[in-house]
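J.: Structure incoming, see below.
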Amino acid sequence: MSVRQEMPGRLLRLLALLQSRREWPGRELAERVGVTTRTLRRDIDRLRALDYPVESTGGTGGGYRLGRGGRLPPLVLDDDEAVAAGVALAAAASVNPGLGESATRALAKLGQVLPARLRPRLAAAGSVVVAPARGVPADDLPGEPDQSGGPGGDIGGGLPAVDPDRLALLAAACRDAEVVSLRYVSRGRDTDRRVEPQRLVVAEGRWYLSAHDLGRDAARIFRLDRMRDVTATGRRFVPRPQSEDPVAQLRESFAAATYRHTAHVTIELPEPEVRRWVPALPGGLSADGPDRCRARVSADSAELVVQYVALLAALAAARGAGVTVEAGPEVTGPLRSLGTTLAATP
């Protein structure tokens with residue numbers, strides 16, 4: 001292949017490198033592209049002639065960076081970046097009405113130029129459902145199913161990363177109705193599962209799979225970062241009836257789950273009034289007559305349970321209503337301390 005024939009590909013590689021870092025030393029950039037520093041300078045001039053704002057920087061040997069131009073230059077993405085962009089655009093189209101039309105147009109453009117090998121992964125991304133933020137601290141979100149079938153919690157710093165290949169495999173399995181085998185880590189237990197994937201749901205930055213667990217013959221919610229050895233079996237299944245609202249299904253699973261710390265609160269107020277003031281309760285709220293309701297507050301964090309029970313108690317006190325709390329000492333102890341402190345405050 002002649003130098004002239006390989007030049008367009010070389011310029012694209014150069015452009016991709018310039019987009020990947022804020023600044024490149026000239027010699028290192030030339031080595032990455034596979035050319036001499038003299039050829040690199042010529043290629044930089046060619047990019048500038050194409051209206052790419054490549055700036056020269058000082059320092060030993062000099063360097064280059066991509067500046068801000070008057071118009072948006074084409075982006076050069078690798079495979080994972082292209083699929084990630086597609087998933088993000090599909091999510092934006094489904095959760096944000098203001099961005100929906102623009103995100104859909106951008107997704108269509110991406111699909112037109114995507115290589116054939118990546119199109120199934122992008123098409124599968126259309127099955128992803130994004131749950132609007134519910135305003136509950138992230139520590140309350142579930143980590144893995146407990147023995148009752150609901151998702152259990154797992155307190156940790158930051159949100160876990162999800163393997164893009166695993167995400168693509170599960171999205172394709174949801175689309176194609178294909179059984180998946182996996183190992184699942186559940187509060188220290190490692191179990192083998194065979195599941196019929198139904199939907200992928202994103203909630204508060206975490207990925208979940210709604211599926212039918214064949215071994216337990218029951219619906220389950222799985223967190224993707226808890227999965228290991230995820231494999232498509234090639235066995236197809238007839239999709240089972242499922243909830244029309246996967247976000248509501250996930251929320252119900254959150255509310256029904258039993259976590260490490262649980263408090264039961266009886267409030268002498270109508271359920272609609274309490275729900276109006278505390279709409280995002282980590283647990284459940286149900287009426288116990290026309291003027292009374294019961295709240296179940298459950299989380300892996302005792303501090304989080306204390307916060308919400310205190311909020312319910314403050315709501316009742318502000319309206320002169322009675323409140324009764326049933327919980328373990330890890331919750332009632334801090335509540336008594338808080339009450340004593342407030343009582344002593346002038």
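As shown in the structure tokens, the chain order sets the letters A, B, ...; within each chain, residues go from 1, and ligands are also counted from 1 in the order they appear.
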Give me the residues within 10 Å of segment 328-335 of chain A as a list in words, counting only C-alpha atoms and dropping any in the same chain fewer than 5 places off.

T.: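 Here the answer would be His261, Thr262, Ala263, Ser301, Ala302, Glu303, Leu304, Val305, Val306, Gln307, Val309, Ala310, Ala313, Thr340 and Thr341 of chain A.
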
J.: For segment 275-287 of chain A, list every protein, DNA or RNA residue within 6 Å, evaluated using only C-alpha atoms, and leave out those in the same chain fewer than 3 positions away; present the list as a ChimeraX atom specification.

T.: /A:255,271-272,293-298

J.: I need the residues from that last selection saved to file as a CSV table (one decimal), in the first residue's frame (with N, CA, C and O atoms), if you can.

T.:
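Generated file (out.csv):
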chain,number,residue,atom,x,y,z
A,255,ALA,N,-39.0,-2.3,47.7
A,255,ALA,CA,-39.8,-2.1,48.9
A,255,ALA,C,-40.1,-3.4,49.6
A,255,ALA,O,-40.2,-3.5,50.9
A,271,GLU,N,-52.9,7.7,55.3
A,271,GLU,CA,-51.8,7.3,54.5
A,271,GLU,C,-51.5,8.3,53.4
A,271,GLU,O,-50.3,8.6,53.1
A,272,PRO,N,-52.5,8.9,52.7
A,272,PRO,CA,-52.2,9.8,51.6
A,272,PRO,C,-51.4,11.1,52.1
A,272,PRO,O,-50.5,11.6,51.4
A,293,CYS,N,-51.8,4.9,59.5
A,293,CYS,CA,-51.0,4.1,58.5
A,293,CYS,C,-49.8,3.5,59.1
A,293,CYS,O,-49.4,3.9,60.2
A,294,ARG,N,-49.2,2.5,58.4
A,294,ARG,CA,-48.1,1.8,58.9
A,294,ARG,C,-47.0,1.9,57.9
A,294,ARG,O,-47.2,1.7,56.7
A,295,ALA,N,-45.8,2.3,58.3
A,295,ALA,CA,-44.6,2.4,57.5
A,295,ALA,C,-43.6,1.3,57.8
A,295,ALA,O,-43.4,1.0,59.0
A,296,ARG,N,-43.0,0.7,56.8
A,296,ARG,CA,-41.9,-0.3,57.0
A,296,ARG,C,-40.7,0.3,56.4
A,296,ARG,O,-40.6,0.6,55.2
A,297,VAL,N,-39.7,0.6,57.2
A,297,VAL,CA,-38.5,1.3,56.8
A,297,VAL,C,-37.4,0.3,56.9
A,297,VAL,O,-37.1,-0.2,58.0
A,298,SER,N,-36.7,-0.1,55.8
A,298,SER,CA,-35.7,-1.1,55.8
A,298,SER,C,-34.5,-0.7,54.9
A,298,SER,O,-34.7,-0.2,53.8

J.: With only C-alpha atoms as the counted atoms, please give the residues lying no more than 10 Å from Gly63 of chain A, apart from itself and same-chain residues fewer than 3 positions off, as a list in words.

T.: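 Those residues are Glu23, Trp24, Pro25, Gly26, Arg27, Glu28, Leu29, Glu55, Ser56, Thr57, Gly58, Gly59 and Thr60 of chain A.
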
J.: What's around segment 163-175 of chain A at 12 Å? Count only C-alpha atoms, leave out sequence neighbours fewer than 4 positions away in its own chain, and write the answer as an MDAnalysis selection string.

T.: chainID A and resid 79:87 118:129 179:182 195:202 206:212 222:240

J.: DSSP on the backbone: what in segment 168-341 of chain A comes out strand (DSSP E), as a PyMOL selection string?

T.: chain A and resi 178-186+189-203+206-213+218-223+227-236+261-267+283-287+293-299+323-327

J.: Could you work out how far atom CA of Glu178 of chain A lies from atom CA of Asp192 of chain A, giving the answer in Å with one decimal?

T.: 17.0 Å

J.: Any idea what the distance is between atom CA of Thr324 of chain A and atom CA of Ala299 of chain A?

T.: 19.0 Å

J.: One decimal, Å: what's the distance from atom CA of Tyr184 of chain A over to atom CA of Arg216 of chain A, could you say?

T.: 13.7 Å

J.: Which of these, A:Ala88, A:Leu15, A:Leu107, A:Ala318, has the shortest distance to Val274 of chain A once you count only C-alpha atoms?

T.: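 Looking only at the distances to Val274 of chain A, the closest residue turns out to be A:Ala318.
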